[in-house]
Amino acid sequence: MRIVPFVLSAIVTTGLALALNKQWGKIPPMGKFLSPQVGFWQNAEASGQSFNADLSFPDLKGKAEVYIDDRLVPHVFAENDEDLYFIQGYLHAKFRLFQMDLQTKAAEGRASEIAGKKAIEYDKGQRRLGMRFAAENAVKEIEKDPAAKALFDAYTNGINAFIKTLTEASLPLEYKLLDIKPEKWTNLRTALLLKMMANNLSSNTETDLANTNAKSVFLPDELKMMYPQVPDSLEPIVPKGTVFDKPGIIPVKPASADSLYFGNKETIVVNEFPKPDKNNGSNNWVVAGSKTQSGAPILCNDPHLELSLPSIWYEMQLETPSGNAYGVSLPGSPFIIIGFNDSIAWGVTNAQRDVKDYYEIKFKDSSKKEYWFNNKWEPTTQRIEEIKVKGGSAIYDTVAYTIFGPVMYDESFSNTLSHKKNLAIRWTAHDPSNEGMTFYKLNHAKNYDEYAEAIKSFECPGQNFVFASKSGDIAIWQQGKFPARWDRQGLYVMPGQDSSYMWQGFIPQSENPHCKNPERGFLESANQRPVDSTYPYFIPGSYITPRAVSITKQLSAMNGITTADMMKLQNNYFNTLAEDVRSIMLNFVKENDLNATEKKYLDIIKNWDLMASPDSKGQTVYQCWWDSLMTGIWKDELFASGHKLVADLLEMMKFFGKDTSKKFVDVATGKEMTFQEMKLRFHSLNKEMNFPVPWPSEQTTMELLKKDTAMKFIDDINTPQKETLSDVVTIALKKASVYLAKNEAEGKLEWAKFKQPGIYHLLDASKKDLLPLDRTNLNMGGNGDIINAVTKSHGPSWRMIVQLSSPTEAWGVYPGGQSGNPGSKFYDDYIDDWVAGKYNKLWFMHEADKTDKNVKWVMRFKKG
């Protein structure tokens, strides 16, 4: 009789064990996850954790040591390059494996394997963008060069060497949460990571589809007014007055452009694939020794990216007999990306140049196997994409490739209202290239000539490479593979039925914007247009002007500059755009029309010091009022009710009244249209008109108002009366005040409390505060167009200052920590210093320092 309870107990225990070791929805298998032997407990790192190790691997050629300091920064000393990058790969995997794995899967369009069906559309977009296609072409280029292949192979082997050491217990926490395992690394995955960066830093500048819609609504002069190529306030990267060479290539505009391109009023209504943050930019600048206290150049860089935990960057030093480089690396890719060596320093910002165009394709039929090009049907290359979905069946998608590139949009992808237009992409990132070797060469460069030679092969994304050397040279080059365009080519979707609208070549590399040792003693870039209007090429892009204005103004007035001065400048909160906007708003607000609450917020603006500091109420009031004013000026023109085509139809419908016997001739088709047909057409068009149209920038709006306070867009076309700037400014403050009062009641009038900056774990894409993996409510000011460009979850991902004195003096900090393990004290230990504007002294170790007190742990590697 005692057997029955035992059997029941055994059945219950077995059932519980099976249940706990099965994944239920988003919940990991709790049996494994909670297991003391293999579960998340194993990821808790003791405060006194030792990182000493003696390791041997058959792939190594000699001996190497890794000296780890008290911030967990590794200083790698190897006898040869291949061992150096093997160890770099090993360390990246040891401290950041999940980050590398997730980012490259997402880049390839495999997020559904982790996130399930909610990521299917994202994965389709990545595959239709041709991310793997671009990476495959990059690998072919890398592996054509035996020297490059050897370095990338070594890096890949190092990652896989670490992966082989993993056990169930030692898997990173995120693998246990998701119940997945890491995959073997390949050179393709490294290429995917680099293409992910190319996408993040070039796709955020494209506006072709939205521009095409704007062209269908606005007149040419209006378009130039709303979207100018050269801002009035521009402080270009290459100083004004620079004389440029005559163009080495002069592209010819097709004869049909005026009718088929500029004159085409059709709209593109697609649910556009989400683009990277428009603020993906950066600041960098360099000052000559003539302006510094030490007499040595000082170089500064702070790349602005989406902030995440684990951090984007991994700090390290790489030393062999042929080179010694220090800075930040990108986990998943070899080399130091931003940093310095014994002779030079370098940094990068995004060029913001448009290097991606769309072409309308005509398929023969729904099979998409042939398309019309140069008067005949040409075969497409088709890729059958299998998207594996966690917890569901695989999804299949067919992507057709043309002479331009992959067809991203067609009737089967985000295009239900676009009259079944097929849009192919021409993107420089698809071309064979090897951007990685640019950084290998920079790591080893000794002077300006070697720096200039190193960056020549860098193609996409376009970057501004700033430079300084111990010999005293300073320089900057905007480097990339940039199409040579005829005027306004690529602003809009182009016809793809023949070769007339294809790129006719590229701007010669020697003609890319650059400057060396300017008379003024400094150079800077902050994502602005690189040159003034005298540059001989048409160079569209999504440029950002205000930060460059601030930096130029500050550096022009400074002398006897120190590294401490540069720290203050990188953390500067002055709002230069608001300096102009505030004067407009105060001059035109109707103060007598305001109630007590509105006057209170007006007084805050009047007394504001123009600093977007964390405790600033003025910045919050300004931003809400300015946002409201921008909406008041532009919304009626940009939204459906204000579109001219809809307005024209409304007028025609008024003419018809209720007389349904009258008929209307559609001038576009020549067909007669009854009242009922026209009514249906109106409703269809009104729905269709909810297409994306680009908003004019804040900088453009400010400049338009400064030039003409009665400019045409101020008046609301939906009202019978004519609005003045005073009307619109006052109404904007009244509307903003309602929102401000609500936030003030919630204790959120101070800028940091209003915008609530945070740094979120990579798994927390929705930014829903996955405590304790996230760091939220940081006490930080700033904004995207301010030097300290911190927004909600975007900003300076690495601040670096290097003085090229003897010895080199370098400082840096990033918002994170060296370890990707949330159970480690090194996971986020830099964040508080980053928030406070503090820096770490960068210890540039040399051979003689191996017994220095800064060394806390040693990892020894050898062949075996």
# chains A, B, ... in the order shown; residues from 1 in each chain; ligands from 1
>>> select_by_dssp(residues="segment 207-334 of chain A", states="strand (DSSP E or B)", output="PyMOL selection string")
chain A and resi 281-287+292+298-306+308-309+314-320+323-329
>>> write_last_selection(atoms="C-alpha atoms", output="PDB file, in the first residue's frame")
ATOM      1  CA  GLY A 281      26.023  61.152 -35.610  1.00  0.00           C
ATOM      2  CA  SER A 282      28.933  62.347 -33.495  1.00  0.00           C
ATOM      3  CA  ASN A 283      31.333  65.137 -32.641  1.00  0.00           C
ATOM      4  CA  ASN A 284      35.044  65.198 -33.299  1.00  0.00           C
ATOM      5  CA  TRP A 285      37.563  67.992 -33.368  1.00  0.00           C
ATOM      6  CA  VAL A 286      41.283  68.544 -33.246  1.00  0.00           C
ATOM      7  CA  VAL A 287      43.249  71.607 -32.185  1.00  0.00           C
ATOM      8  CA  THR A 292      47.117  74.369 -26.671  1.00  0.00           C
ATOM      9  CA  ILE A 298      44.664  67.572 -28.812  1.00  0.00           C
ATOM     10  CA  LEU A 299      42.148  65.301 -30.559  1.00  0.00           C
ATOM     11  CA  CYS A 300      38.623  64.670 -29.242  1.00  0.00           C
ATOM     12  CA  ASN A 301      35.836  62.336 -30.332  1.00  0.00           C
ATOM     13  CA  ASP A 302      32.410  61.342 -29.006  1.00  0.00           C
ATOM     14  CA  PRO A 303      30.367  59.147 -31.375  1.00  0.00           C
ATOM     15  CA  HIS A 304      26.609  59.430 -30.810  1.00  0.00           C
ATOM     16  CA  LEU A 305      24.762  56.127 -31.074  1.00  0.00           C
ATOM     17  CA  GLU A 306      21.884  54.263 -29.479  1.00  0.00           C
ATOM     18  CA  SER A 308      22.819  49.959 -24.745  1.00  0.00           C
ATOM     19  CA  LEU A 309      23.888  47.439 -22.166  1.00  0.00           C
ATOM     20  CA  TYR A 314      34.965  47.409 -25.556  1.00  0.00           C
ATOM     21  CA  GLU A 315      38.092  49.234 -24.403  1.00  0.00           C
ATOM     22  CA  MET A 316      41.478  47.574 -24.915  1.00  0.00           C
ATOM     23  CA  GLN A 317      45.112  47.893 -25.954  1.00  0.00           C
ATOM     24  CA  LEU A 318      46.717  45.792 -28.695  1.00  0.00           C
ATOM     25  CA  GLU A 319      50.538  45.547 -28.878  1.00  0.00           C
ATOM     26  CA  THR A 320      52.952  43.612 -31.086  1.00  0.00           C
ATOM     27  CA  GLY A 323      52.395  48.366 -33.455  1.00  0.00           C
ATOM     28  CA  ASN A 324      50.837  49.522 -30.213  1.00  0.00           C
ATOM     29  CA  ALA A 325      47.251  50.848 -30.333  1.00  0.00           C
ATOM     30  CA  TYR A 326      44.781  51.795 -27.606  1.00  0.00           C
ATOM     31  CA  GLY A 327      41.115  52.722 -27.776  1.00  0.00           C
ATOM     32  CA  VAL A 328      37.732  51.122 -28.234  1.00  0.00           C
ATOM     33  CA  SER A 329      36.946  48.080 -30.315  1.00  0.00           C
TER      34      SER A 329
END
>>> closest_residue(among="A:Gln463, A:Thr545, A:Ser393, A:Ser613", to="Glu698 of chain A", atoms="only C-alpha atoms")
A:Thr545
>>> residues_around(residues="Pro231 of chain A", least_positions_apart="6", cutoff="9 Å", atoms="only C-alpha atoms", output="PDB file with N, CA, C and O atoms, in the first residue's frame")
ATOM      1  N   ARG A 529      26.893  69.566 -43.119  1.00  0.00           N
ATOM      2  CA  ARG A 529      27.340  69.506 -44.507  1.00  0.00           C
ATOM      3  C   ARG A 529      28.840  69.812 -44.517  1.00  0.00           C
ATOM      4  O   ARG A 529      29.303  70.763 -43.874  1.00  0.00           O
ATOM      5  N   THR A 545      23.158  70.860 -38.312  1.00  0.00           N
ATOM      6  CA  THR A 545      23.961  72.087 -38.317  1.00  0.00           C
ATOM      7  C   THR A 545      24.342  72.627 -36.935  1.00  0.00           C
ATOM      8  O   THR A 545      25.473  73.084 -36.745  1.00  0.00           O
ATOM      9  N   GLN A 699      16.399  73.650 -37.753  1.00  0.00           N
ATOM     10  CA  GLN A 699      17.345  74.676 -38.205  1.00  0.00           C
ATOM     11  C   GLN A 699      16.764  75.447 -39.401  1.00  0.00           C
ATOM     12  O   GLN A 699      16.820  76.677 -39.442  1.00  0.00           O
ATOM     13  N   THR A 700      16.200  74.722 -40.351  1.00  0.00           N
ATOM     14  CA  THR A 700      15.601  75.368 -41.524  1.00  0.00           C
ATOM     15  C   THR A 700      14.448  76.276 -41.112  1.00  0.00           C
ATOM     16  O   THR A 700      14.322  77.409 -41.606  1.00  0.00           O
ATOM     17  N   GLU A 703      15.750  79.453 -39.640  1.00  0.00           N
ATOM     18  CA  GLU A 703      16.347  80.335 -40.645  1.00  0.00           C
ATOM     19  C   GLU A 703      15.277  80.988 -41.515  1.00  0.00           C
ATOM     20  O   GLU A 703      15.400  82.161 -41.882  1.00  0.00           O
TER      21      GLU A 703
END
>>> select_by_dssp(residues="segment 43-173 of chain A", states="helix (DSSP H, G or I)", output="PDB file with C-alpha atoms, in the first residue's frame")
ATOM      1  CA  ASN A  43      26.426  34.101 -13.518  1.00  0.00           C
ATOM      2  CA  ASP A  81      49.452  39.945 -35.490  1.00  0.00           C
ATOM      3  CA  GLU A  82      47.618  36.670 -35.893  1.00  0.00           C
ATOM      4  CA  ASP A  83      48.017  35.761 -32.231  1.00  0.00           C
ATOM      5  CA  LEU A  84      47.032  39.319 -31.282  1.00  0.00           C
ATOM      6  CA  TYR A  85      43.694  39.150 -33.098  1.00  0.00           C
ATOM      7  CA  PHE A  86      43.049  35.565 -31.971  1.00  0.00           C
ATOM      8  CA  ILE A  87      43.255  36.841 -28.403  1.00  0.00           C
ATOM      9  CA  GLN A  88      41.127  39.883 -29.217  1.00  0.00           C
ATOM     10  CA  GLY A  89      38.447  37.525 -30.538  1.00  0.00           C
ATOM     11  CA  TYR A  90      38.754  35.343 -27.438  1.00  0.00           C
ATOM     12  CA  LEU A  91      38.360  38.342 -25.111  1.00  0.00           C
ATOM     13  CA  HIS A  92      35.440  39.772 -27.061  1.00  0.00           C
ATOM     14  CA  ALA A  93      33.663  36.428 -26.756  1.00  0.00           C
ATOM     15  CA  LYS A  94      34.580  35.996 -23.093  1.00  0.00           C
ATOM     16  CA  PHE A  95      33.095  39.345 -22.096  1.00  0.00           C
ATOM     17  CA  ARG A  96      30.551  40.144 -24.837  1.00  0.00           C
ATOM     18  CA  LEU A  97      29.444  36.937 -26.606  1.00  0.00           C
ATOM     19  CA  PHE A  98      25.684  37.373 -26.404  1.00  0.00           C
ATOM     20  CA  GLN A  99      25.914  40.940 -27.689  1.00  0.00           C
ATOM     21  CA  MET A 100      27.908  39.795 -30.719  1.00  0.00           C
ATOM     22  CA  ASP A 101      25.576  36.862 -31.350  1.00  0.00           C
ATOM     23  CA  LEU A 102      22.353  38.874 -31.102  1.00  0.00           C
ATOM     24  CA  GLN A 103      23.545  41.799 -33.201  1.00  0.00           C
ATOM     25  CA  THR A 104      24.786  39.676 -36.088  1.00  0.00           C
ATOM     26  CA  LYS A 105      21.642  37.532 -36.110  1.00  0.00           C
ATOM     27  CA  ALA A 106      19.534  40.686 -36.194  1.00  0.00           C
ATOM     28  CA  ALA A 107      21.700  42.116 -38.973  1.00  0.00           C
ATOM     29  CA  GLU A 108      21.176  38.988 -41.073  1.00  0.00           C
ATOM     30  CA  SER A 112      12.635  35.756 -35.284  1.00  0.00           C
ATOM     31  CA  GLU A 113      14.741  32.794 -34.194  1.00  0.00           C
ATOM     32  CA  ILE A 114      15.064  34.545 -30.843  1.00  0.00           C
ATOM     33  CA  ALA A 115      12.022  36.835 -30.545  1.00  0.00           C
ATOM     34  CA  GLY A 116       9.400  34.781 -32.389  1.00  0.00           C
ATOM     35  CA  LYS A 117       6.742  36.038 -34.778  1.00  0.00           C
ATOM     36  CA  LYS A 118       6.871  39.674 -33.639  1.00  0.00           C
ATOM     37  CA  ALA A 119      10.236  40.003 -35.434  1.00  0.00           C
ATOM     38  CA  ILE A 120       9.124  38.562 -38.803  1.00  0.00           C
ATOM     39  CA  GLU A 121       8.597  41.921 -40.522  1.00  0.00           C
ATOM     40  CA  TYR A 122      11.940  43.153 -39.217  1.00  0.00           C
ATOM     41  CA  ASP A 123      13.664  40.059 -40.589  1.00  0.00           C
ATOM     42  CA  LYS A 124      11.966  40.461 -43.954  1.00  0.00           C
ATOM     43  CA  GLY A 125      13.209  44.023 -44.089  1.00  0.00           C
ATOM     44  CA  GLN A 126      16.796  43.044 -43.333  1.00  0.00           C
ATOM     45  CA  ARG A 127      16.754  40.391 -46.021  1.00  0.00           C
ATOM     46  CA  ARG A 128      15.105  42.620 -48.593  1.00  0.00           C
ATOM     47  CA  LEU A 129      17.675  45.283 -47.797  1.00  0.00           C
ATOM     48  CA  MET A 131      22.275  42.654 -45.557  1.00  0.00           C
ATOM     49  CA  ARG A 132      23.639  39.138 -46.036  1.00  0.00           C
ATOM     50  CA  PHE A 133      24.269  39.869 -49.718  1.00  0.00           C
ATOM     51  CA  ALA A 134      26.352  42.892 -48.680  1.00  0.00           C
ATOM     52  CA  ALA A 135      28.253  40.842 -46.092  1.00  0.00           C
ATOM     53  CA  GLU A 136      28.958  38.048 -48.583  1.00  0.00           C
ATOM     54  CA  ASN A 137      30.453  40.556 -51.009  1.00  0.00           C
ATOM     55  CA  ALA A 138      32.594  41.973 -48.202  1.00  0.00           C
ATOM     56  CA  VAL A 139      33.898  38.523 -47.263  1.00  0.00           C
ATOM     57  CA  LYS A 140      34.866  37.853 -50.878  1.00  0.00           C
ATOM     58  CA  GLU A 141      36.839  41.093 -50.873  1.00  0.00           C
ATOM     59  CA  ILE A 142      38.483  40.316 -47.517  1.00  0.00           C
ATOM     60  CA  GLU A 143      39.459  36.805 -48.522  1.00  0.00           C
ATOM     61  CA  LYS A 144      40.977  37.957 -51.847  1.00  0.00           C
ATOM     62  CA  PRO A 146      45.769  36.638 -47.995  1.00  0.00           C
ATOM     63  CA  ALA A 147      47.050  39.022 -45.307  1.00  0.00           C
ATOM     64  CA  ALA A 148      43.575  40.310 -44.484  1.00  0.00           C
ATOM     65  CA  LYS A 149      42.111  36.804 -44.542  1.00  0.00           C
ATOM     66  CA  ALA A 150      44.743  35.612 -42.067  1.00  0.00           C
ATOM     67  CA  LEU A 151      43.848  38.383 -39.602  1.00  0.00           C
ATOM     68  CA  PHE A 152      40.094  37.838 -39.845  1.00  0.00           C
ATOM     69  CA  ASP A 153      40.529  34.061 -39.639  1.00  0.00           C
ATOM     70  CA  ALA A 154      42.622  34.454 -36.497  1.00  0.00           C
ATOM     71  CA  TYR A 155      39.986  36.691 -34.903  1.00  0.00           C
ATOM     72  CA  THR A 156      37.234  34.197 -35.774  1.00  0.00           C
ATOM     73  CA  ASN A 157      39.275  31.299 -34.407  1.00  0.00           C
ATOM     74  CA  GLY A 158      39.724  33.146 -31.121  1.00  0.00           C
ATOM     75  CA  ILE A 159      35.966  33.588 -30.719  1.00  0.00           C
ATOM     76  CA  ASN A 160      35.323  29.925 -31.457  1.00  0.00           C
ATOM     77  CA  ALA A 161      38.071  28.875 -29.058  1.00  0.00           C
ATOM     78  CA  PHE A 162      36.176  30.574 -26.246  1.00  0.00           C
ATOM     79  CA  ILE A 163      32.792  29.198 -27.337  1.00  0.00           C
ATOM     80  CA  LYS A 164      34.231  25.678 -27.101  1.00  0.00           C
ATOM     81  CA  THR A 165      35.031  26.250 -23.420  1.00  0.00           C
ATOM     82  CA  LEU A 173      22.766  34.870 -18.598  1.00  0.00           C
TER      83      LEU A 173
END
>>> closest_residue(among="A:Ser56, A:Asn595, A:Asn350, A:Asn517", to="Lys862 of chain A", atoms="only C-alpha atoms")
A:Ser56
>>> atom_distance(atom1="atom CA of Thr563 of chain A", atom2="atom CA of Thr808 of chain A")
11.5 Å
>>> residues_around(residues="Ala741 of chain A", least_positions_apart="6", cutoff="10 Å", atoms="only C-alpha atoms", output="list in words")
Thr597, Glu598, Tyr601, Gly747, Lys748 and Leu749 of chain A
>>> write_last_selection(atoms="all heavy atoms", output="PDB file, in the first residue's frame")
ATOM      1  N   THR A 597      -0.933  80.962 -15.912  1.00  0.00           N
ATOM      2  CA  THR A 597      -0.073  79.776 -16.089  1.00  0.00           C
ATOM      3  C   THR A 597       0.847  79.963 -17.295  1.00  0.00           C
ATOM      4  O   THR A 597       2.045  79.663 -17.237  1.00  0.00           O
ATOM      5  CB  THR A 597      -0.930  78.516 -16.277  1.00  0.00           C
ATOM      6  OG1 THR A 597      -1.746  78.332 -15.130  1.00  0.00           O
ATOM      7  CG2 THR A 597      -0.052  77.287 -16.482  1.00  0.00           C
ATOM      8  N   GLU A 598       0.300  80.455 -18.368  1.00  0.00           N
ATOM      9  CA  GLU A 598       1.085  80.664 -19.586  1.00  0.00           C
ATOM     10  C   GLU A 598       2.161  81.716 -19.375  1.00  0.00           C
ATOM     11  O   GLU A 598       3.290  81.579 -19.867  1.00  0.00           O
ATOM     12  CB  GLU A 598       0.139  81.055 -20.721  1.00  0.00           C
ATOM     13  CG  GLU A 598      -0.801  79.916 -21.109  1.00  0.00           C
ATOM     14  CD  GLU A 598      -2.091  80.376 -21.770  1.00  0.00           C
ATOM     15  OE1 GLU A 598      -2.275  81.603 -21.950  1.00  0.00           O
ATOM     16  OE2 GLU A 598      -2.935  79.500 -22.085  1.00  0.00           O
ATOM     17  N   TYR A 601       5.215  80.244 -17.575  1.00  0.00           N
ATOM     18  CA  TYR A 601       6.161  79.535 -18.445  1.00  0.00           C
ATOM     19  C   TYR A 601       6.913  80.514 -19.343  1.00  0.00           C
ATOM     20  O   TYR A 601       8.098  80.307 -19.653  1.00  0.00           O
ATOM     21  CB  TYR A 601       5.423  78.477 -19.266  1.00  0.00           C
ATOM     22  CG  TYR A 601       4.833  77.383 -18.403  1.00  0.00           C
ATOM     23  CD1 TYR A 601       3.496  76.992 -18.542  1.00  0.00           C
ATOM     24  CD2 TYR A 601       5.599  76.750 -17.430  1.00  0.00           C
ATOM     25  CE1 TYR A 601       2.954  76.000 -17.747  1.00  0.00           C
ATOM     26  CE2 TYR A 601       5.059  75.751 -16.621  1.00  0.00           C
ATOM     27  CZ  TYR A 601       3.733  75.386 -16.781  1.00  0.00           C
ATOM     28  OH  TYR A 601       3.201  74.407 -15.978  1.00  0.00           O
ATOM     29  N   GLY A 747       5.785  66.415 -11.325  1.00  0.00           N
ATOM     30  CA  GLY A 747       7.172  66.617 -10.905  1.00  0.00           C
ATOM     31  C   GLY A 747       8.178  66.431 -12.017  1.00  0.00           C
ATOM     32  O   GLY A 747       9.320  66.059 -11.771  1.00  0.00           O
ATOM     33  N   LYS A 748       7.758  66.724 -13.270  1.00  0.00           N
ATOM     34  CA  LYS A 748       8.621  66.466 -14.423  1.00  0.00           C
ATOM     35  C   LYS A 748       8.896  67.726 -15.245  1.00  0.00           C
ATOM     36  O   LYS A 748       8.995  67.665 -16.473  1.00  0.00           O
ATOM     37  CB  LYS A 748       7.991  65.406 -15.328  1.00  0.00           C
ATOM     38  CG  LYS A 748       7.840  64.044 -14.684  1.00  0.00           C
ATOM     39  CD  LYS A 748       7.160  63.067 -15.633  1.00  0.00           C
ATOM     40  CE  LYS A 748       6.973  61.702 -15.001  1.00  0.00           C
ATOM     41  NZ  LYS A 748       6.246  60.772 -15.914  1.00  0.00           N
ATOM     42  N   LEU A 749       9.031  68.867 -14.602  1.00  0.00           N
ATOM     43  CA  LEU A 749       9.320  70.076 -15.357  1.00  0.00           C
ATOM     44  C   LEU A 749      10.817  70.260 -15.586  1.00  0.00           C
ATOM     45  O   LEU A 749      11.227  70.890 -16.556  1.00  0.00           O
ATOM     46  CB  LEU A 749       8.743  71.311 -14.647  1.00  0.00           C
ATOM     47  CG  LEU A 749       8.682  72.586 -15.488  1.00  0.00           C
ATOM     48  CD1 LEU A 749       7.834  72.377 -16.746  1.00  0.00           C
ATOM     49  CD2 LEU A 749       8.145  73.760 -14.675  1.00  0.00           C
TER      50      LEU A 749
END
>>> residues_around(residues="Lys838 of chain A", least_positions_apart="6", cutoff="10 Å", atoms="only C-alpha atoms", output="list of chain:residue names")
A:Met567, A:Lys568, A:Asn571, A:Arg799, A:Trp811, A:Gly812, A:Val813, A:Tyr830, A:Ile831, A:Asp832
>>> residues_around(residues="Met702 of chain A", least_positions_apart="5", cutoff="12 Å", atoms="only C-alpha atoms", output="JSON, numbers by chain")
{"A": [226, 231, 232, 233, 545, 546, 576, 577, 578, 579, 580, 581, 582, 583, 584, 585, 626, 629, 630, 633, 696, 697, 707, 708, 709, 711]}
>>> residues_around(residues="Tyr396 of chain A", least_positions_apart="2", cutoff="8 Å", atoms="only C-alpha atoms", output="VMD selection string")
chain A and resid 384 to 387 394 398
>>> closest_residue(among="A:Trp346, A:Phe538, A:Val217, A:Phe77", to="Tyr451 of chain A", atoms="only C-alpha atoms")
A:Trp346
>>> closest_residue(among="A:Asp498, A:Asp221, A:Glu266, A:Glu65", to="Phe861 of chain A", atoms="only C-alpha atoms")
A:Glu65
>>> closest_residue(among="A:Tyr543, A:Tyr622, A:Trp608, A:Trp313", to="Gln818 of chain A", atoms="only C-alpha atoms")
A:Trp313
>>> closest_residue(among="A:Ser50, A:Thr428, A:Thr562, A:Ser311", to="Asn821 of chain A", atoms="only C-alpha atoms")
A:Ser311
